[in-house]
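Asker: For reference, the structure I am asking about is given below.
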Amino acid sequence: MPTPSATSEMSAASKDILSRVRRMVPPMLQHFHKGQLGRVAVLGGSEDYTGAPYFSAMASARLGCDMSHVICTPAAAAVIKTYSPNLMVHPLMRQTDPSTRASEASTSSHSKDPNSDPEHISSRVIELLPRLHVLVIGPGLGRDPLMQATVARVIRAARERNMPIVLDADALLIVQRNPDLIRGYANAVLTPNVVEFGRLCEALNLKVPDDAGETANVEALAKALGGVTIIEKGNQDHISNGDMTFTVDLQGGRKRSGGQGDTLTGAIATLLGWRKAYLDRLWEIDHEPLGESESLGLAAFGGSAITRECSRLAFAKKGRSLQASDLTEEVHTAFLNLFGQVDEDNERFSRF
């Protein structure tokens with residue numbers, strides 16, 4: 001069960017929600033085989049940004065997904081492979097050739113060079129999708145026009161497969177420019193910070209009265225995007241799909257170093273992978289089943305709660321010197337603090 005230190009500042013409502021999140025945490029059964037409890041990929045990582053996809057993928061792995069991939073550019077892949085041998089790194093993405101001008105031609109599907117053709121590049125990424133359960137898009141992506149055009153195609157393909165996607169960082173710029181790309185897609189989770197949230201609202205011409213409730217903005221944005229789930233990050237994280245709203249009131253650390261949001265995307269991704277195993281009934285349950293919509297919101301809540309607990313633990317040790325890598329080291333402890341052990345004492349027979 002959760003530890004007192006993790007829950008002392010938590011509301012009764014949050015404790016109840018975490019108890020429901022815990023239902024999706026799979027027991028460690030002898031019958032399971034590799035890949036059943038989460039196959040996650042992070043699509044991002046470019047010449048200038050190699051830390052973000054690593055932090056996201058490692059958070060996913062440390063939380064407990066079976067297989068964690070990174071899909072990035074060759075330059076980023078060479079670096080990320082040196083960070084950890086535990087990740088599978090695929091150098092499939094391409095950036096605009098710096099010797100050419102960043103023009104419309106550089107992102108045209110009619111380009112003669114396959115490495116400058118987003119249709120060709122995205123097709124290689126899309127070939128990986130059947131091997132995955134969840135796709136995180138955005139960490140370390142950057143704003144290169146070829147990268148952005150490629151990712152837009154991958155988002156469409158993931159949506160066609162009904163694959164859960166988590167969008168963060170510069171992937172949100174794609175949504176800002178083309179909201180219809182994810183509008184109405186219930187398996188999409190967006191994790192904007194305060195600046196990104198404001199830009200999305202502006203792009204959709206949303207104006208919420210100043211005296212509206214504290215969750216009014218995230219509810220309005222989620223509704224405007226047709227029911228996607230949005231995590232409005234802040235002093236408290238507000239989560240909504242327009243119909244169902246949660247507020248995560250767990251205490252976090254007070255240092256706002258870059259990269260902490262990458263732990264969030266990775267944690268959500270693993271919980272979404274576990275959600276698939278739960279919905280597929282890979283183990284027997286002894287409670288009223290959670291529905292698809294509720295379970296997705298609970299996965300978002302759980303990811304936020306784990307990230308905040310990581311931040312709290314890391315800040316207690318590192319103070320103002322805290323860095324994103326310090327959160328990575330706290331993922332397992334944060335999970336245990338919030339959910340306790342979930343293993344042989346909950347033995348259920350797998351159906352496979």
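Following the order of the structure tokens, first chain is A, next is B, and so on, with residues numbered from 1 inside each chain and ligands from 1 in the order they appear.
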Which residues are close to A:Leu327, i.e. within 6 Å by only C-alpha atoms, leaving aside same-chain residues fewer than 3 positions away? Reply as a list in words.
Answerer: Cys310, Ser311, Ala314, Ala324 and Glu330 of chain A
Asker: Excluding A:Ile165 and its own-chain neighbours fewer than 6 positions away, which residues fall within 9 Å of it when counting only C-alpha atoms? Please give them as a PyMOL selection string.
Answerer: chain A and resi 134-137+155+158-159+187-190+269
Asker: If you take only C-alpha atoms and a cut-off of 12 Å, which residues of stretch 32-83 of chain A touch stretch 110-133 of chain A, and what are their nearest atom pairs and distances in Å to one decimal, in chain and number order, as CSV?
Answerer:
```
residue,atom,partner,partner_atom,distance
A:Gly35,CA,A:Leu132,CA,9.0
A:Gln36,CA,A:His133,CA,9.3
A:Leu37,CA,A:His133,CA,9.3
A:Gly38,CA,A:His133,CA,6.4
A:Arg39,CA,A:Leu132,CA,5.0
A:Val40,CA,A:Leu132,CA,5.9
A:Ala41,CA,A:Leu132,CA,6.9
A:Val42,CA,A:Leu132,CA,10.5
A:Leu43,CA,A:Val125,CA,9.0
A:Gly44,CA,A:Val125,CA,11.5
A:Cys65,CA,A:His133,CA,10.3
A:Asp66,CA,A:His133,CA,10.8
A:Met67,CA,A:Leu132,CA,8.9
A:Ser68,CA,A:Leu132,CA,9.4
A:His69,CA,A:Leu132,CA,9.0
A:Val70,CA,A:Val125,CA,10.9
A:Ile71,CA,A:Val125,CA,7.7
A:Cys72,CA,A:Val125,CA,9.8
A:Thr73,CA,A:Ile121,CA,10.7
A:Pro74,CA,A:Asn115,CA,11.6
```
Asker: Env of stretch 13-24 of chain A: 9 Å cut, atoms = only C-alpha atoms, seq-sep filter 4 positions within chain, self excluded. Answer as a list in words.
Answerer: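 Counting only the stated atoms, we get Pro2, Thr7, Phe246, Thr247, Val248, Asp249, Leu250, Leu271, Trp274, Arg275, Lys276, Ala277, Tyr278, Leu279, Ile285, His287, Leu290, Ser295, Leu298, Ala299, Phe301, Gly302, Ala305, Leu338, Phe339 and Val342 of chain A.
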Asker: Pick out the closest residue to A:Pro85 from this set: A:Met58, A:Ala316, A:Arg199, A:Ser99. Count only C-alpha atoms.
Answerer: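 Ranking A:Met58, A:Ala316, A:Arg199, A:Ser99 by distance to A:Pro85, first place goes to A:Met58.
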Asker: Do you know which residues are at most 7 Å from stretch 217-232 of chain A counting only C-alpha atoms, after dropping those on the same chain fewer than 4 positions away, and could you put them as a JSON list (two decimals) with all heavy atoms, in the first residue's frame?
Answerer:
```
[["chain", "number", "residue", "atom", "x", "y", "z"],
["A", 183, "ARG", "N", -7.86, 15.86, -33.43],
["A", 183, "ARG", "CA", -9.20, 16.22, -32.95],
["A", 183, "ARG", "C", -10.12, 14.99, -32.98],
["A", 183, "ARG", "O", -10.20, 14.27, -33.98],
["A", 183, "ARG", "CB", -9.81, 17.32, -33.81],
["A", 183, "ARG", "CG", -11.03, 17.99, -33.17],
["A", 183, "ARG", "CD", -11.76, 18.88, -34.15],
["A", 183, "ARG", "NE", -10.93, 19.90, -34.76],
["A", 183, "ARG", "CZ", -10.71, 21.11, -34.26],
["A", 183, "ARG", "NH1", -11.27, 21.45, -33.11],
["A", 183, "ARG", "NH2", -9.94, 21.96, -34.91],
["A", 184, "GLY", "N", -10.77, 14.74, -31.85],
["A", 184, "GLY", "CA", -11.69, 13.62, -31.76],
["A", 184, "GLY", "C", -11.03, 12.28, -31.50],
["A", 184, "GLY", "O", -11.72, 11.25, -31.44],
["A", 185, "TYR", "N", -9.69, 12.26, -31.32],
["A", 185, "TYR", "CA", -9.00, 10.99, -31.11],
["A", 185, "TYR", "C", -8.87, 10.72, -29.61],
["A", 185, "TYR", "O", -8.04, 11.31, -28.93],
["A", 185, "TYR", "CB", -7.63, 11.00, -31.78],
["A", 185, "TYR", "CG", -6.92, 9.66, -31.69],
["A", 185, "TYR", "CD1", -7.60, 8.48, -31.95],
["A", 185, "TYR", "CD2", -5.58, 9.60, -31.36],
["A", 185, "TYR", "CE1", -6.96, 7.26, -31.87],
["A", 185, "TYR", "CE2", -4.92, 8.38, -31.28],
["A", 185, "TYR", "CZ", -5.63, 7.21, -31.54],
["A", 185, "TYR", "OH", -4.98, 6.00, -31.46],
["A", 186, "ALA", "N", -9.70, 9.84, -29.11],
["A", 186, "ALA", "CA", -9.78, 9.61, -27.66],
["A", 186, "ALA", "C", -8.55, 8.95, -27.07],
["A", 186, "ALA", "O", -8.35, 8.96, -25.85],
["A", 186, "ALA", "CB", -11.01, 8.76, -27.35],
["A", 187, "ASN", "N", -7.69, 8.37, -27.92],
["A", 187, "ASN", "CA", -6.48, 7.71, -27.42],
["A", 187, "ASN", "C", -5.26, 8.62, -27.45],
["A", 187, "ASN", "O", -4.12, 8.13, -27.36],
["A", 187, "ASN", "CB", -6.19, 6.44, -28.22],
["A", 187, "ASN", "CG", -6.94, 5.24, -27.66],
["A", 187, "ASN", "OD1", -7.25, 5.18, -26.48],
["A", 187, "ASN", "ND2", -7.24, 4.29, -28.52],
["A", 188, "ALA", "N", -5.48, 9.93, -27.58],
["A", 188, "ALA", "CA", -4.38, 10.89, -27.56],
["A", 188, "ALA", "C", -4.30, 11.57, -26.19],
["A", 188, "ALA", "O", -5.32, 11.97, -25.63],
["A", 188, "ALA", "CB", -4.56, 11.94, -28.65],
["A", 189, "VAL", "N", -3.07, 11.70, -25.68],
["A", 189, "VAL", "CA", -2.81, 12.41, -24.43],
["A", 189, "VAL", "C", -1.82, 13.53, -24.74],
["A", 189, "VAL", "O", -0.74, 13.27, -25.28],
["A", 189, "VAL", "CB", -2.24, 11.49, -23.34],
["A", 189, "VAL", "CG1", -1.97, 12.26, -22.06],
["A", 189, "VAL", "CG2", -3.17, 10.31, -23.07],
["A", 190, "LEU", "N", -2.18, 14.76, -24.39],
["A", 190, "LEU", "CA", -1.30, 15.91, -24.59],
["A", 190, "LEU", "C", -0.81, 16.39, -23.23],
["A", 190, "LEU", "O", -1.59, 16.46, -22.27],
["A", 190, "LEU", "CB", -2.05, 17.05, -25.29],
["A", 190, "LEU", "CG", -2.22, 16.98, -26.81],
["A", 190, "LEU", "CD1", -2.98, 15.72, -27.25],
["A", 190, "LEU", "CD2", -2.93, 18.23, -27.33],
["A", 191, "THR", "N", 0.48, 16.77, -23.16],
["A", 191, "THR", "CA", 1.05, 17.17, -21.88],
["A", 191, "THR", "C", 1.72, 18.55, -21.98],
["A", 191, "THR", "O", 2.93, 18.68, -21.80],
["A", 191, "THR", "CB", 2.07, 16.13, -21.38],
["A", 191, "THR", "OG1", 3.16, 16.04, -22.32],
["A", 191, "THR", "CG2", 1.42, 14.76, -21.22],
["A", 192, "PRO", "N", 0.97, 19.59, -22.26],
["A", 192, "PRO", "CA", 1.57, 20.92, -22.44],
["A", 192, "PRO", "C", 1.98, 21.58, -21.13],
["A", 192, "PRO", "O", 1.31, 21.42, -20.11],
["A", 192, "PRO", "CB", 0.44, 21.71, -23.11],
["A", 192, "PRO", "CG", -0.81, 21.08, -22.58],
["A", 192, "PRO", "CD", -0.49, 19.61, -22.48],
["A", 193, "ASN", "N", 3.09, 22.34, -21.20],
["A", 193, "ASN", "CA", 3.41, 23.22, -20.08],
["A", 193, "ASN", "C", 2.61, 24.51, -20.22],
["A", 193, "ASN", "O", 1.79, 24.63, -21.14],
["A", 193, "ASN", "CB", 4.92, 23.48, -20.01],
["A", 193, "ASN", "CG", 5.47, 24.16, -21.27],
["A", 193, "ASN", "OD1", 4.75, 24.89, -21.97],
["A", 193, "ASN", "ND2", 6.73, 23.93, -21.58],
["A", 197, "PHE", "N", 0.39, 25.30, -23.42],
["A", 197, "PHE", "CA", -1.07, 25.30, -23.21],
["A", 197, "PHE", "C", -1.67, 26.59, -23.74],
["A", 197, "PHE", "O", -2.71, 26.58, -24.41],
["A", 197, "PHE", "CB", -1.35, 25.14, -21.71],
["A", 197, "PHE", "CG", -2.81, 24.93, -21.39],
["A", 197, "PHE", "CD1", -3.35, 23.65, -21.34],
["A", 197, "PHE", "CD2", -3.65, 26.02, -21.15],
["A", 197, "PHE", "CE1", -4.69, 23.46, -21.05],
["A", 197, "PHE", "CE2", -4.99, 25.84, -20.86],
["A", 197, "PHE", "CZ", -5.51, 24.55, -20.81],
["A", 201, "CYS", "N", -4.48, 27.08, -26.79],
["A", 201, "CYS", "CA", -5.74, 27.82, -26.60],
["A", 201, "CYS", "C", -5.87, 28.95, -27.61],
["A", 201, "CYS", "O", -6.95, 29.18, -28.17],
["A", 201, "CYS", "CB", -5.82, 28.37, -25.17],
["A", 201, "CYS", "SG", -6.07, 27.11, -23.89],
["A", 208, "VAL", "N", -11.67, 31.64, -21.95],
["A", 208, "VAL", "CA", -12.41, 31.21, -20.77],
["A", 208, "VAL", "C", -12.49, 32.37, -19.80],
["A", 208, "VAL", "O", -11.47, 33.05, -19.56],
["A", 208, "VAL", "CB", -11.73, 30.00, -20.11],
["A", 208, "VAL", "CG1", -12.45, 29.58, -18.83],
["A", 208, "VAL", "CG2", -11.67, 28.83, -21.09],
["A", 237, "ASP", "N", -1.52, 19.50, -11.29],
["A", 237, "ASP", "CA", -1.80, 19.08, -12.66],
["A", 237, "ASP", "C", -3.30, 18.83, -12.81],
["A", 237, "ASP", "O", -3.89, 18.07, -12.03],
["A", 237, "ASP", "CB", -1.04, 17.80, -12.99],
["A", 237, "ASP", "CG", 0.45, 18.01, -13.11],
["A", 237, "ASP", "OD1", 0.89, 19.18, -13.15],
["A", 237, "ASP", "OD2", 1.19, 17.01, -13.17],
["A", 238, "HIS", "N", -3.88, 19.48, -13.80],
["A", 238, "HIS", "CA", -5.31, 19.28, -14.09],
["A", 238, "HIS", "C", -5.42, 18.42, -15.35],
["A", 238, "HIS", "O", -4.79, 18.71, -16.37],
["A", 238, "HIS", "CB", -6.01, 20.61, -14.30],
["A", 238, "HIS", "CG", -5.95, 21.51, -13.11],
["A", 238, "HIS", "ND1", -6.40, 21.15, -11.86],
["A", 238, "HIS", "CD2", -5.47, 22.79, -12.98],
["A", 238, "HIS", "CE1", -6.22, 22.14, -11.01],
["A", 238, "HIS", "NE2", -5.66, 23.14, -11.67],
["A", 239, "ILE", "N", -6.21, 17.36, -15.27],
["A", 239, "ILE", "CA", -6.33, 16.39, -16.35],
["A", 239, "ILE", "C", -7.79, 16.29, -16.76],
["A", 239, "ILE", "O", -8.67, 16.12, -15.91],
["A", 239, "ILE", "CB", -5.83, 15.01, -15.89],
["A", 239, "ILE", "CG1", -4.39, 15.09, -15.38],
["A", 239, "ILE", "CG2", -5.96, 13.98, -17.02],
["A", 239, "ILE", "CD1", -3.91, 13.82, -14.70],
["A", 240, "SER", "N", -8.05, 16.39, -18.06],
["A", 240, "SER", "CA", -9.44, 16.32, -18.51],
["A", 240, "SER", "C", -9.53, 15.84, -19.95],
["A", 240, "SER", "O", -8.63, 16.11, -20.77],
["A", 240, "SER", "CB", -10.12, 17.68, -18.39],
["A", 240, "SER", "OG", -11.49, 17.60, -18.76],
["A", 241, "ASN", "N", -10.62, 15.15, -20.26],
["A", 241, "ASN", "CA", -10.98, 14.86, -21.65],
["A", 241, "ASN", "C", -12.24, 15.62, -22.05],
["A", 241, "ASN", "O", -12.83, 15.34, -23.09],
["A", 241, "ASN", "CB", -11.17, 13.35, -21.86],
["A", 241, "ASN", "CG", -12.32, 12.78, -21.06],
["A", 241, "ASN", "OD1", -13.03, 13.50, -20.36],
["A", 241, "ASN", "ND2", -12.52, 11.48, -21.16],
["A", 242, "GLY", "N", -12.64, 16.56, -21.20],
["A", 242, "GLY", "CA", -13.84, 17.34, -21.46],
["A", 242, "GLY", "C", -15.05, 16.84, -20.72],
["A", 242, "GLY", "O", -15.97, 17.61, -20.42]]
```
